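See below for my_file_22.cif, which holds mmCIF, C-alpha atoms and all ligand atoms.
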data_data
#
loop_
_atom_site.label_atom_id
_atom_site.label_comp_id
_atom_site.auth_asym_id
_atom_site.auth_seq_id
_atom_site.Cartn_x
_atom_site.Cartn_y
_atom_site.Cartn_z
CA MET A 11 -0.36 21.48 -12.11
CA ILE A 12 0.99 22.56 -8.73
CA VAL A 13 1.70 19.40 -6.73
CA GLY A 14 2.22 19.58 -2.96
CA LEU A 15 4.32 17.16 -0.92
CA PRO A 16 3.74 17.68 2.82
CA LYS A 17 5.66 15.95 5.59
CA GLU A 18 3.67 13.14 7.22
CA ILE A 19 2.65 14.04 10.76
CA LYS A 20 0.84 10.86 11.85
CA ASP A 21 2.52 9.26 14.88
CA ASN A 22 5.66 7.32 13.89
CA GLU A 23 5.10 7.75 10.15
CA TYR A 24 8.39 8.21 8.30
CA ARG A 25 7.34 7.49 4.73
CA VAL A 26 6.84 10.28 2.21
CA GLY A 27 4.55 10.55 -0.83
CA LEU A 28 7.20 11.23 -3.49
CA THR A 29 10.89 10.38 -3.81
CA PRO A 30 13.29 12.86 -5.46
CA ALA A 31 12.97 10.70 -8.61
CA GLY A 32 9.20 11.22 -8.52
CA VAL A 33 9.66 14.97 -8.18
CA ARG A 34 12.03 14.88 -11.17
CA ALA A 35 9.44 13.00 -13.25
CA LEU A 36 6.74 15.56 -12.42
CA THR A 37 8.88 18.65 -12.94
CA ASP A 38 10.24 17.23 -16.21
CA ALA A 39 6.61 16.96 -17.33
CA GLY A 40 6.20 20.68 -16.67
CA HIS A 41 4.58 20.63 -13.23
CA GLN A 42 5.58 22.55 -10.12
CA VAL A 43 6.28 20.47 -7.02
CA SER A 44 6.24 22.20 -3.64
CA VAL A 45 7.97 20.15 -0.95
CA GLU A 46 7.59 20.88 2.75
CA ARG A 47 10.97 21.35 4.42
CA SER A 48 12.29 18.01 5.76
CA ALA A 49 9.35 16.07 4.23
CA GLY A 50 11.64 13.24 3.12
CA GLU A 51 13.95 13.16 6.13
CA GLY A 52 12.41 10.03 7.69
CA SER A 53 13.01 8.10 4.46
CA GLY A 54 16.54 9.42 4.03
CA PHE A 55 15.87 12.13 1.41
CA GLU A 56 17.41 15.49 2.31
CA ASP A 57 15.84 18.71 1.03
CA ASP A 58 18.68 19.37 -1.40
CA LEU A 59 17.89 16.10 -3.24
CA TYR A 60 14.37 17.36 -3.87
CA GLN A 61 15.73 20.76 -4.88
CA ARG A 62 18.15 19.20 -7.37
CA ALA A 63 15.19 17.25 -8.78
CA GLY A 64 13.40 20.54 -9.48
CA GLY A 65 11.25 20.77 -6.33
CA GLN A 66 10.69 23.99 -4.42
CA ILE A 67 11.21 23.76 -0.68
CA LEU A 68 8.56 25.57 1.38
CA ASP A 69 8.93 26.21 5.09
CA SER A 70 5.49 25.27 6.32
CA ALA A 71 2.81 22.69 5.69
CA ASP A 72 0.28 25.53 5.48
CA ASP A 73 2.14 26.99 2.49
CA VAL A 74 2.31 23.63 0.71
CA TRP A 75 -1.40 22.87 1.17
CA ALA A 76 -2.42 26.45 0.33
CA GLU A 77 -0.89 26.51 -3.13
CA ALA A 78 -1.18 22.87 -4.24
CA GLU A 79 -3.88 21.74 -6.66
CA MET A 80 -2.97 18.14 -5.84
CA ILE A 81 -1.56 16.89 -2.53
CA VAL A 82 0.40 13.63 -2.68
CA LYS A 83 0.70 11.92 0.70
CA VAL A 84 1.03 8.50 2.32
CA LYS A 85 -1.37 8.40 5.27
CA GLU A 86 -4.85 9.82 5.66
CA PRO A 87 -4.95 13.44 6.87
CA VAL A 88 -5.06 13.80 10.65
CA ALA A 89 -6.88 16.53 12.62
CA PRO A 90 -4.27 19.33 12.31
CA GLU A 91 -4.42 18.89 8.53
CA TYR A 92 -8.20 19.21 8.14
CA ASP A 93 -8.25 23.00 8.02
CA ARG A 94 -5.65 22.98 5.28
CA MET A 95 -7.87 21.04 2.85
CA ARG A 96 -9.96 23.09 0.47
CA GLU A 97 -12.71 22.79 -2.11
CA GLY A 98 -11.74 21.15 -5.39
CA GLN A 99 -8.29 20.13 -4.12
CA LEU A 100 -7.12 16.68 -5.20
CA LEU A 101 -5.94 14.52 -2.30
CA PHE A 102 -4.04 11.43 -3.44
CA THR A 103 -3.17 9.14 -0.50
CA TYR A 104 -4.28 6.13 1.60
CA LEU A 105 -7.63 7.19 3.09
CA HIS A 106 -9.21 4.08 4.76
CA LEU A 107 -12.45 6.01 5.15
CA ALA A 108 -14.87 3.18 6.02
CA PRO A 109 -14.15 3.28 9.77
CA ASP A 110 -13.27 7.00 9.84
CA ARG A 111 -16.45 9.10 10.08
CA GLU A 112 -14.64 12.27 11.12
CA LEU A 113 -12.30 12.39 8.13
CA THR A 114 -15.10 11.41 5.74
CA ARG A 115 -17.22 14.30 7.02
CA GLU A 116 -14.31 16.73 6.65
CA LEU A 117 -13.65 15.63 3.06
CA LEU A 118 -17.33 15.91 2.16
CA GLU A 119 -17.95 19.25 3.87
CA ARG A 120 -14.82 20.74 2.36
CA LYS A 121 -15.64 19.23 -1.07
CA VAL A 122 -12.19 17.68 -1.40
CA THR A 123 -11.61 15.20 -4.24
CA GLY A 124 -10.32 12.25 -2.21
CA ILE A 125 -8.61 9.51 -4.22
CA ALA A 126 -7.77 6.53 -2.01
CA TYR A 127 -4.74 4.41 -2.88
CA GLU A 128 -6.42 1.37 -1.35
CA THR A 129 -9.43 1.31 -3.69
CA ILE A 130 -7.64 1.87 -7.01
CA THR A 131 -7.90 -1.31 -9.08
CA ASP A 132 -5.92 -2.75 -11.97
CA ARG A 133 -7.19 -4.56 -15.06
CA ARG A 134 -7.39 -7.87 -13.22
CA GLY A 135 -9.36 -6.35 -10.36
CA GLY A 136 -6.27 -6.39 -8.10
CA LEU A 137 -5.32 -3.55 -5.75
CA PRO A 138 -2.00 -2.33 -7.17
CA LEU A 139 -1.36 0.30 -4.51
CA LEU A 140 -1.88 -2.14 -1.64
CA THR A 141 0.34 -4.84 -3.09
CA PRO A 142 3.72 -3.15 -2.37
CA MET A 143 2.95 -2.80 1.35
CA SER A 144 1.81 -6.44 1.49
CA GLU A 145 5.11 -7.42 -0.14
CA VAL A 146 7.02 -5.49 2.50
CA ALA A 147 4.93 -6.85 5.41
CA GLY A 148 5.13 -10.43 4.13
CA ARG A 149 8.92 -10.35 3.89
CA MET A 150 9.17 -8.60 7.23
CA ALA A 151 6.98 -11.24 8.90
CA ILE A 152 9.81 -13.77 8.63
CA GLN A 153 12.50 -11.23 9.52
CA VAL A 154 10.69 -10.29 12.77
CA GLY A 155 9.74 -13.96 13.22
CA ALA A 156 13.41 -14.98 13.19
CA HIS A 157 14.17 -12.24 15.72
CA TYR A 158 11.36 -13.16 18.14
CA LEU A 159 12.21 -16.87 17.99
CA GLU A 160 15.50 -15.93 19.67
CA LYS A 161 15.54 -16.60 23.41
CA MET A 162 16.58 -13.06 24.32
CA SER A 163 13.56 -11.72 22.44
CA GLY A 164 11.16 -14.00 24.32
CA GLY A 165 11.01 -16.89 21.85
CA ARG A 166 11.74 -20.62 21.95
CA GLY A 167 15.40 -20.13 21.10
CA ILE A 168 15.17 -21.64 17.64
CA LEU A 169 17.19 -20.85 14.52
CA LEU A 170 14.85 -20.69 11.51
CA GLY A 171 17.10 -22.66 9.20
CA GLY A 172 18.36 -25.18 11.76
CA VAL A 173 21.89 -26.56 11.18
CA PRO A 174 23.15 -29.91 9.86
CA GLY A 175 21.91 -32.53 12.30
CA VAL A 176 19.23 -30.21 13.80
CA PRO A 177 15.88 -29.68 12.06
CA ALA A 178 14.84 -26.30 10.72
CA ALA A 179 11.96 -24.35 12.29
CA ARG A 180 8.42 -25.12 11.14
CA VAL A 181 6.67 -22.09 9.65
CA VAL A 182 2.92 -22.24 9.00
CA ILE A 183 1.53 -19.46 6.82
CA ILE A 184 -2.26 -19.06 6.82
CA GLY A 185 -3.28 -17.27 3.61
CA GLY A 186 -1.24 -17.66 0.42
CA GLY A 187 -1.81 -14.26 -1.20
CA VAL A 188 0.71 -11.44 -1.50
CA VAL A 189 1.72 -11.39 2.18
CA GLY A 190 1.81 -15.20 2.42
CA THR A 191 3.83 -15.68 -0.76
CA ASN A 192 6.40 -13.08 0.22
CA ALA A 193 6.69 -14.57 3.69
CA ALA A 194 7.20 -18.00 2.12
CA LYS A 195 9.98 -16.70 -0.16
CA ILE A 196 12.01 -15.43 2.78
CA ALA A 197 11.26 -18.43 5.00
CA VAL A 198 12.27 -20.89 2.26
CA GLY A 199 15.37 -18.79 1.60
CA MET A 200 16.34 -19.07 5.27
CA GLY A 201 15.93 -22.83 5.16
CA ALA A 202 12.72 -23.21 7.21
CA HIS A 203 10.09 -25.94 6.71
CA VAL A 204 7.17 -24.01 5.21
CA THR A 205 3.49 -24.95 5.01
CA ILE A 206 0.99 -22.63 3.32
CA ILE A 207 -2.73 -22.97 4.05
CA ASP A 208 -5.33 -21.36 1.77
CA ASN A 209 -8.98 -21.98 0.95
CA ASN A 210 -8.47 -21.23 -2.74
CA LEU A 211 -7.35 -24.43 -4.44
CA ASP A 212 -6.25 -22.62 -7.60
CA ARG A 213 -3.99 -20.42 -5.48
CA LEU A 214 -2.52 -23.53 -3.84
CA ARG A 215 -1.83 -24.95 -7.33
CA GLU A 216 -0.02 -21.73 -8.30
CA LEU A 217 2.03 -21.82 -5.09
CA ASP A 218 2.91 -25.43 -5.72
CA ASP A 219 4.16 -24.46 -9.19
CA ILE A 220 6.14 -21.48 -7.84
CA PHE A 221 7.84 -23.25 -4.93
CA LEU A 222 7.89 -26.81 -6.32
CA SER A 223 8.77 -29.21 -3.53
CA LYS A 224 10.18 -26.54 -1.23
CA ILE A 225 6.85 -25.99 0.56
CA SER A 226 3.80 -28.02 1.56
CA THR A 227 0.32 -26.75 0.76
CA LEU A 228 -2.86 -27.49 2.69
CA ALA A 229 -6.50 -26.78 1.88
CA SER A 230 -7.89 -24.63 4.67
CA SER A 231 -10.11 -26.20 7.34
CA ALA A 232 -10.23 -25.90 11.12
CA TYR A 233 -8.98 -29.48 11.38
CA LYS A 234 -5.96 -28.94 9.12
CA ILE A 235 -5.09 -25.62 10.73
CA GLN A 236 -5.18 -27.14 14.21
CA ASP A 237 -3.04 -30.02 13.05
CA ALA A 238 -0.46 -27.77 11.33
CA ILE A 239 -0.07 -25.28 14.17
CA SER A 240 0.41 -28.04 16.75
CA GLU A 241 3.93 -28.46 15.36
CA ALA A 242 4.61 -24.85 14.37
CA ASP A 243 7.42 -22.69 15.71
CA LEU A 244 6.20 -19.66 13.75
CA ILE A 245 2.63 -19.00 12.54
CA VAL A 246 2.06 -16.17 10.07
CA GLY A 247 -1.50 -14.80 9.73
CA ALA A 248 -1.92 -13.58 6.14
CA VAL A 249 -5.60 -14.05 5.33
CA LEU A 250 -7.78 -11.49 3.58
CA PHE A 251 -11.47 -11.71 2.80
CA PRO A 252 -11.88 -8.50 0.79
CA GLY A 253 -14.09 -5.89 2.35
CA ALA A 254 -14.65 -7.82 5.59
CA ALA A 255 -13.00 -8.42 8.93
CA ALA A 256 -10.53 -11.32 8.79
CA PRO A 257 -12.07 -14.68 9.80
CA LYS A 258 -10.79 -16.00 13.15
CA LEU A 259 -9.19 -19.19 11.86
CA VAL A 260 -7.13 -19.92 14.99
CA THR A 261 -9.14 -19.89 18.22
CA ARG A 262 -7.83 -19.34 21.74
CA GLU A 263 -8.57 -23.02 22.41
CA MET A 264 -6.41 -24.08 19.44
CA LEU A 265 -3.45 -22.10 20.85
CA LYS A 266 -3.21 -24.65 23.68
CA GLY A 267 -1.86 -27.09 21.09
CA VAL A 268 0.92 -24.76 19.85
CA PRO A 269 4.36 -25.69 21.26
CA ASN A 270 5.15 -23.56 24.31
CA GLY A 271 7.07 -20.43 23.33
CA GLY A 272 5.77 -20.61 19.76
CA LEU A 273 5.34 -17.34 17.90
CA ILE A 274 2.47 -15.78 15.95
CA VAL A 275 3.03 -12.89 13.54
CA ASP A 276 -0.53 -11.88 12.59
CA VAL A 277 -0.02 -9.57 9.62
CA ALA A 278 -3.80 -9.53 9.03
CA VAL A 279 -4.18 -7.54 12.27
CA ASP A 280 -5.17 -4.46 10.27
CA GLN A 281 -8.38 -6.29 9.34
CA GLY A 282 -8.91 -7.49 12.90
CA GLY A 283 -6.49 -10.44 12.65
CA CYS A 284 -7.11 -14.11 11.81
CA ILE A 285 -6.17 -15.33 15.30
CA GLU A 286 -8.83 -14.96 18.00
CA THR A 287 -6.29 -13.63 20.51
CA THR A 288 -4.88 -10.93 18.21
CA HIS A 289 -5.05 -7.29 19.16
CA PRO A 290 -3.15 -4.47 17.44
CA THR A 291 0.27 -3.56 18.82
CA THR A 292 2.80 -0.86 17.93
CA HIS A 293 6.47 -0.79 16.96
CA SER A 294 7.30 0.60 20.40
CA ASN A 295 5.48 -2.29 22.18
CA PRO A 296 5.07 -5.00 19.55
CA THR A 297 4.50 -8.28 21.44
CA TYR A 298 2.47 -9.99 24.18
CA TYR A 299 1.83 -13.57 25.36
CA VAL A 300 -1.44 -15.50 25.36
CA GLU A 301 -1.52 -19.19 26.40
CA GLY A 302 2.30 -19.20 26.37
CA VAL A 303 2.38 -18.15 22.69
CA LEU A 304 4.20 -14.94 21.80
CA HIS A 305 2.07 -12.64 19.58
CA TYR A 306 3.50 -9.93 17.27
CA CYS A 307 0.58 -7.92 15.84
CA VAL A 308 1.91 -4.58 14.58
CA ALA A 309 -0.70 -2.96 12.36
CA ASN A 310 1.74 -0.89 10.27
CA MET A 311 4.72 -3.20 9.79
CA PRO A 312 6.09 -1.33 6.71
CA GLY A 313 6.57 1.72 8.95
CA ALA A 314 9.66 0.01 10.41
CA VAL A 315 11.41 0.16 7.04
CA PRO A 316 10.30 3.56 5.72
CA ARG A 317 13.00 3.90 3.09
CA THR A 318 12.23 0.58 1.40
CA SER A 319 8.50 1.19 1.86
CA THR A 320 8.63 4.69 0.35
CA PHE A 321 10.45 3.38 -2.72
CA ALA A 322 8.04 0.43 -3.03
CA LEU A 323 4.94 2.58 -2.56
CA THR A 324 5.98 5.40 -4.87
CA ASN A 325 7.02 2.94 -7.61
CA ALA A 326 3.32 2.08 -7.70
CA THR A 327 1.75 5.51 -7.03
CA LEU A 328 3.86 7.73 -9.27
CA PRO A 329 2.33 6.60 -12.60
CA TYR A 330 -1.12 7.55 -11.26
CA ALA A 331 0.07 10.87 -9.79
CA THR A 332 1.70 11.68 -13.12
CA LYS A 333 -1.48 10.78 -15.01
CA LEU A 334 -3.56 13.03 -12.73
CA ALA A 335 -1.12 15.92 -13.13
CA ASN A 336 -0.74 15.55 -16.90
CA LYS A 337 -4.37 15.04 -17.85
CA GLY A 338 -6.20 16.74 -14.97
CA PHE A 339 -8.63 14.87 -12.73
CA LEU A 340 -11.60 14.46 -15.04
CA ASN A 341 -9.64 13.31 -18.10
CA ALA A 342 -7.43 11.04 -16.01
CA ILE A 343 -10.35 9.14 -14.45
CA ALA A 344 -12.18 9.03 -17.77
CA ALA A 345 -9.14 7.32 -19.31
CA ASP A 346 -8.58 4.84 -16.48
CA PRO A 347 -11.52 3.03 -14.82
CA GLY A 348 -9.14 1.62 -12.19
CA LEU A 349 -8.13 5.14 -11.13
CA LYS A 350 -11.79 6.15 -11.17
CA ALA A 351 -12.45 3.35 -8.66
CA GLY A 352 -10.11 5.19 -6.30
CA VAL A 353 -12.36 8.25 -6.04
CA ASN A 354 -14.01 8.09 -2.61
CA THR A 355 -15.24 11.68 -2.28
CA PHE A 356 -16.02 14.27 -4.92
CA ALA A 357 -17.89 17.59 -4.88
CA GLY A 358 -19.26 16.91 -1.40
CA ARG A 359 -20.60 13.42 -2.24
CA CYS A 360 -19.44 9.97 -1.19
CA THR A 361 -18.58 8.17 -4.40
CA TYR A 362 -17.38 4.84 -2.98
CA GLU A 363 -20.20 2.48 -2.16
CA ALA A 364 -18.54 0.48 0.64
CA VAL A 365 -17.67 3.69 2.50
CA ALA A 366 -21.22 5.00 2.07
CA VAL A 367 -22.68 1.71 3.34
CA ALA A 368 -20.28 1.60 6.31
CA GLN A 369 -21.31 5.10 7.36
CA ASP A 370 -25.00 5.26 6.37
CA LEU A 371 -24.24 7.97 3.83
CA ALA A 372 -25.89 8.53 0.47
CA TYR A 373 -23.83 6.90 -2.29
CA THR A 374 -23.50 8.82 -5.55
CA PRO A 375 -21.71 7.04 -8.43
CA ILE A 376 -18.93 9.28 -9.70
CA ASP A 377 -20.25 9.02 -13.29
CA GLU A 378 -23.45 10.80 -12.21
CA LEU A 379 -21.38 13.73 -10.95
CA ILE A 380 -18.92 14.04 -13.80
CA ASP A 381 -21.21 15.83 -16.24
CA ARG A 382 -22.20 18.34 -13.60
CA ALA A 383 -18.54 18.69 -12.64
CA SER A 384 -17.02 19.74 -15.91
CA ALA A 385 -17.24 23.32 -14.72
CA LEU A 386 -15.20 22.55 -11.60
CA PRO A 387 -11.43 23.19 -11.40
CA VAL A 388 -9.01 20.30 -12.11
N1 LIG B 401 0.15 -5.44 9.38
C1 LIG B 401 0.57 -4.78 8.30
O1 LIG B 401 1.43 -3.91 8.40
C2 LIG B 401 0.05 -5.14 6.95
C3 LIG B 401 0.68 -4.68 5.79
C4 LIG B 401 0.19 -5.10 4.55
C5 LIG B 401 -0.93 -5.93 4.48
N2 LIG B 401 -1.55 -6.32 5.64
C6 LIG B 401 -2.73 -7.21 5.66
O2 LIG B 401 -2.35 -8.55 5.39
C7 LIG B 401 -3.52 -9.26 4.99
C8 LIG B 401 -3.22 -10.10 3.75
O3 LIG B 401 -3.01 -9.22 2.65
P1 LIG B 401 -2.66 -9.77 1.18
O4 LIG B 401 -2.28 -8.58 0.38
O5 LIG B 401 -1.76 -10.92 1.27
O6 LIG B 401 -4.11 -10.27 0.70
P2 LIG B 401 -4.36 -11.29 -0.52
O7 LIG B 401 -5.78 -11.06 -0.94
O8 LIG B 401 -3.29 -11.20 -1.54
O9 LIG B 401 -4.24 -12.74 0.16
C9 LIG B 401 -5.18 -13.22 1.09
C10 LIG B 401 -5.23 -14.72 0.97
O10 LIG B 401 -6.06 -15.21 2.04
C11 LIG B 401 -6.72 -16.35 1.51
N3 LIG B 401 -7.88 -16.71 2.35
C12 LIG B 401 -9.09 -16.09 2.44
N4 LIG B 401 -9.87 -16.77 3.32
C13 LIG B 401 -9.13 -17.82 3.78
C14 LIG B 401 -9.39 -18.89 4.68
N5 LIG B 401 -10.56 -19.01 5.30
N6 LIG B 401 -8.40 -19.79 4.92
C15 LIG B 401 -7.20 -19.67 4.31
N7 LIG B 401 -6.89 -18.69 3.42
C16 LIG B 401 -7.86 -17.77 3.16
C17 LIG B 401 -7.12 -15.92 0.11
O11 LIG B 401 -7.46 -17.03 -0.71
C18 LIG B 401 -5.84 -15.21 -0.35
O12 LIG B 401 -4.95 -16.09 -1.02
C19 LIG B 401 -4.59 -8.18 4.75
O13 LIG B 401 -5.42 -8.11 5.88
C20 LIG B 401 -3.77 -6.93 4.62
O14 LIG B 401 -4.52 -5.76 4.94
C21 LIG B 401 -1.08 -5.94 6.87
#

The structure given in the file should be rewritten as structure tokens.
Amino acid sequence: MIVGLPKEIKDNEYRVGLTPAGVRALTDAGHQVSVERSAGEGSGFEDDLYQRAGGQILDSADDVWAEAEMIVKVKEPVAPEYDRMREGQLLFTYLHLAPDRELTRELLERKVTGIAYETITDRRGGLPLLTPMSEVAGRMAIQVGAHYLEKMSGGRGILLGGVPGVPAARVVIIGGGVVGTNAAKIAVGMGAHVTIIDNNLDRLRELDDIFLSKISTLASSAYKIQDAISEADLIVGAVLFPGAAAPKLVTREMLKGVPNGGLIVDVAVDQGGCIETTHPTTHSNPTYYVEGVLHYCVANMPGAVPRTSTFALTNATLPYATKLANKGFLNAIAADPGLKAGVNTFAGRCTYEAVAVAQDLAYTPIDELIDRASALPV
């Protein structure tokens, strides 16, 4: 298969869809990988690394898209990329189609086979291609939290771990999933007092087993949340209710009880945030105050550490990209129901129910199309 690796052109996106090691794995398996010049620059991979791994460097994005049977990317295509997509081409990337009518229409009209990282499932029903970015964002939440608790950054002037004779900072993490657990690991490692709040008692039991007496756990309720945040120096929002906007668990009124100069890092901002006063911010302007509480609500936190994020993401995506290249699309999805769940658009139809519902489109299960599709390329 001819695999194309274009440079990401979305604003401030420095990740790349394949590392040189990924290119080596694909070329070793007999595939051709066409890499757009400087595609890996933002993640620290020079062109010659890709070349030594067997990739061919092409000068323009147009050339890469024109010859590739499968495009491997990170972010959803943006407007200048639409005209490059063509019928039957495999597009393997984050798509986030539900709120994006324009891109959905382009993929359907152009009959692109859109496989979305975010809807691929594993055997336990987890989302294996979302997990790495939640791991990065969770760990970063404490790193940026420590920074913004410093006086010069606008915070209370508190050291997370305290020192002998001075208590450590109090960190309250709302949501004990992937983001929350990774935040807790770093916060505990830095010596903070950590409380994790979740509404899933089994998850709280697991967390209690993982962290033993190093954290406190609380069953989620408005009362307990209010109580916990009234003593918090750092609040991390890490809630997810799959398929829905995040519930607003901390209201504007409740913020009045947070110590003045306290800090919120609402990682769940990409689902609307779990704090009523959250609105998305960017790396260039990441924070704002409400009720004297500093808010950090950057919607793409992993973008700040593109090298780590590219390695973490491609560790998870490469096995699927390799499967698609080795077996071809139809055989690959037939062999892996989790990969099949990633198919959002195929042959001009919307094949992912939640996207169809969100956009009032007809939903066609992929299985209904497969028989008719055996004549199609890849
Ligand atoms: N800002 C970013 O850059 C960035 C990066 C990665 C992930 N995220 C977002 O972070 C959020 C968390 O992701 P995750 O991978 O940790 O999800 P997850 O599913 O692993 O964890 C979510 C947790 O929230 C808990 N929860 C649900 N409702 C709750 C409630 N009412 N009270 C308390 N806990 C509740 C669940 O039980 C679960 O343990 C998601 O919105 C995700 O999209 C943001």

Point to revise | Spatial neighbours of Asp218 in chain A, 8 Å, all atoms listed in the file, chain gap at least 6 places, as a VMD selection string | key: chain A and resid 225 to 227

Taking 2 positions as the minimum chain separation for residues in the same chain, which residues sit within 8 Å of range 158-173 of chain A when counting all atoms listed in the file? Answer as a PDB file with C-alpha atoms, in the frame of the given file.
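Written out: around30.pdb:
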ATOM      1  CA  VAL A 154      10.690 -10.290  12.770  1.00  0.00           C
ATOM      2  CA  GLY A 155       9.740 -13.960  13.220  1.00  0.00           C
ATOM      3  CA  ALA A 156      13.410 -14.980  13.190  1.00  0.00           C
ATOM      4  CA  GLY A 175      21.910 -32.530  12.300  1.00  0.00           C
ATOM      5  CA  VAL A 176      19.230 -30.210  13.800  1.00  0.00           C
ATOM      6  CA  PRO A 177      15.880 -29.680  12.060  1.00  0.00           C
ATOM      7  CA  ALA A 178      14.840 -26.300  10.720  1.00  0.00           C
ATOM      8  CA  ALA A 179      11.960 -24.350  12.290  1.00  0.00           C
ATOM      9  CA  ARG A 180       8.420 -25.120  11.140  1.00  0.00           C
ATOM     10  CA  ALA A 197      11.260 -18.430   5.000  1.00  0.00           C
ATOM     11  CA  MET A 200      16.340 -19.070   5.270  1.00  0.00           C
ATOM     12  CA  GLY A 201      15.930 -22.830   5.160  1.00  0.00           C
ATOM     13  CA  ALA A 202      12.720 -23.210   7.210  1.00  0.00           C
ATOM     14  CA  ASP A 243       7.420 -22.690  15.710  1.00  0.00           C
ATOM     15  CA  LEU A 244       6.200 -19.660  13.750  1.00  0.00           C
ATOM     16  CA  ASN A 270       5.150 -23.560  24.310  1.00  0.00           C
ATOM     17  CA  GLY A 271       7.070 -20.430  23.330  1.00  0.00           C
ATOM     18  CA  GLY A 272       5.770 -20.610  19.760  1.00  0.00           C
ATOM     19  CA  LEU A 273       5.340 -17.340  17.900  1.00  0.00           C
ATOM     20  CA  LEU A 304       4.200 -14.940  21.800  1.00  0.00           C
TER      21      LEU A 304
END

Chain A near ligand LIG 401 (chain B) within 6 Å: what's each residue's closest atom pair and its distance in Å to one decimal, counting all atoms listed in the file, ordered by chain then ascending residue number, as a tab-separated table?
residue	atom	partner	partner_atom	distance
A:Thr141	CA	B:LIG401	O4	5.7
A:Met143	CA	B:LIG401	C4	4.8
A:Ser144	CA	B:LIG401	C4	3.7
A:Ala147	CA	B:LIG401	C3	4.8
A:Ile184	CA	B:LIG401	C15	5.6
A:Gly185	CA	B:LIG401	O10	3.8
A:Gly186	CA	B:LIG401	O12	4.3
A:Gly187	CA	B:LIG401	O9	3.2
A:Val188	CA	B:LIG401	O5	3.7
A:Val189	CA	B:LIG401	O5	3.6
A:Gly190	CA	B:LIG401	O5	5.7
A:Ile207	CA	B:LIG401	C15	5.6
A:Asp208	CA	B:LIG401	N7	3.5
A:Asn209	CA	B:LIG401	C15	4.4
A:Asn210	CA	B:LIG401	O11	4.8
A:Ser230	CA	B:LIG401	N6	4.9
A:Ala248	CA	B:LIG401	C8	4.4
A:Val249	CA	B:LIG401	O10	3.5
A:Leu250	CA	B:LIG401	C9	4.0
A:Phe251	CA	B:LIG401	C12	5.0
A:Val277	CA	B:LIG401	N1	4.1
A:Ala278	CA	B:LIG401	O13	3.8
A:Val279	CA	B:LIG401	N1	5.6
A:Asp280	CA	B:LIG401	N1	5.5
A:Gln281	CA	B:LIG401	O13	4.9
A:Val308	CA	B:LIG401	N1	5.6
A:Ala309	CA	B:LIG401	N1	4.0
A:Asn310	CA	B:LIG401	O1	3.6
A:Met311	CA	B:LIG401	O1	3.6
A:Pro312	CA	B:LIG401	O1	5.6

Check your understanding: Of the candidates A:Ala126, A:Arg120, A:Glu51, A:Ala31, which one gets nearest to Leu107 in chain A if we count all atoms listed in the file?
Key ->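 Looking only at the distances to Leu107 in chain A, the closest residue turns out to be A:Ala126.
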
Review point. Of the candidates A:Ser53, A:Ser44, A:Ile19, A:Val204, which one gets nearest to Ser223 in chain A if we count all atoms listed in the file?
Key: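 Of A:Ser53, A:Ser44, A:Ile19, A:Val204, the one nearest Ser223 in chain A is A:Val204, counting all atoms listed in the file.
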
List as an mmCIF file with C-alpha atoms, keeping the file's coordinate frame: which residues have an atom within 12 Å of (-14.3, 8.5, 11.6), counting only C-alpha atoms?
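selection_2.cif was written with the following content:
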data_model
loop_
_atom_site.group_PDB
_atom_site.id
_atom_site.type_symbol
_atom_site.label_atom_id
_atom_site.label_comp_id
_atom_site.auth_asym_id
_atom_site.auth_seq_id
_atom_site.Cartn_x
_atom_site.Cartn_y
_atom_site.Cartn_z
ATOM 1 C CA GLU A 86 -4.850 9.820 5.660
ATOM 2 C CA PRO A 87 -4.950 13.440 6.870
ATOM 3 C CA VAL A 88 -5.060 13.800 10.650
ATOM 4 C CA ALA A 89 -6.880 16.530 12.620
ATOM 5 C CA LEU A 105 -7.630 7.190 3.090
ATOM 6 C CA HIS A 106 -9.210 4.080 4.760
ATOM 7 C CA LEU A 107 -12.450 6.010 5.150
ATOM 8 C CA ALA A 108 -14.870 3.180 6.020
ATOM 9 C CA PRO A 109 -14.150 3.280 9.770
ATOM 10 C CA ASP A 110 -13.270 7.000 9.840
ATOM 11 C CA ARG A 111 -16.450 9.100 10.080
ATOM 12 C CA GLU A 112 -14.640 12.270 11.120
ATOM 13 C CA LEU A 113 -12.300 12.390 8.130
ATOM 14 C CA THR A 114 -15.100 11.410 5.740
ATOM 15 C CA ARG A 115 -17.220 14.300 7.020
ATOM 16 C CA GLU A 116 -14.310 16.730 6.650
ATOM 17 C CA LEU A 117 -13.650 15.630 3.060
ATOM 18 C CA VAL A 365 -17.670 3.690 2.500
ATOM 19 C CA ALA A 368 -20.280 1.600 6.310
ATOM 20 C CA GLN A 369 -21.310 5.100 7.360
#

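Taking CA of Lys17 in chain A and CA of Phe55 in chain A as the two end points, the separation is 11.7 Å.
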
Do you know which residues are at most 10 Å from Asn336 in chain A counting all atoms listed in the file, after dropping those on the same chain fewer than 5 positions away, and could you put them as a short mmCIF file (atom, residue, chain, number, x, y, z; two decimals) with C-alpha atoms, in the frame of the given file?
data_model
loop_
_atom_site.label_atom_id
_atom_site.label_comp_id
_atom_site.auth_asym_id
_atom_site.auth_seq_id
_atom_site.Cartn_x
_atom_site.Cartn_y
_atom_site.Cartn_z
CA MET A 11 -0.36 21.48 -12.11
CA LEU A 36 6.74 15.56 -12.42
CA ALA A 39 6.61 16.96 -17.33
CA GLY A 40 6.20 20.68 -16.67
CA HIS A 41 4.58 20.63 -13.23
CA TYR A 330 -1.12 7.55 -11.26
CA ALA A 331 0.07 10.87 -9.79
CA ASN A 341 -9.64 13.31 -18.10
CA ALA A 342 -7.43 11.04 -16.01
#
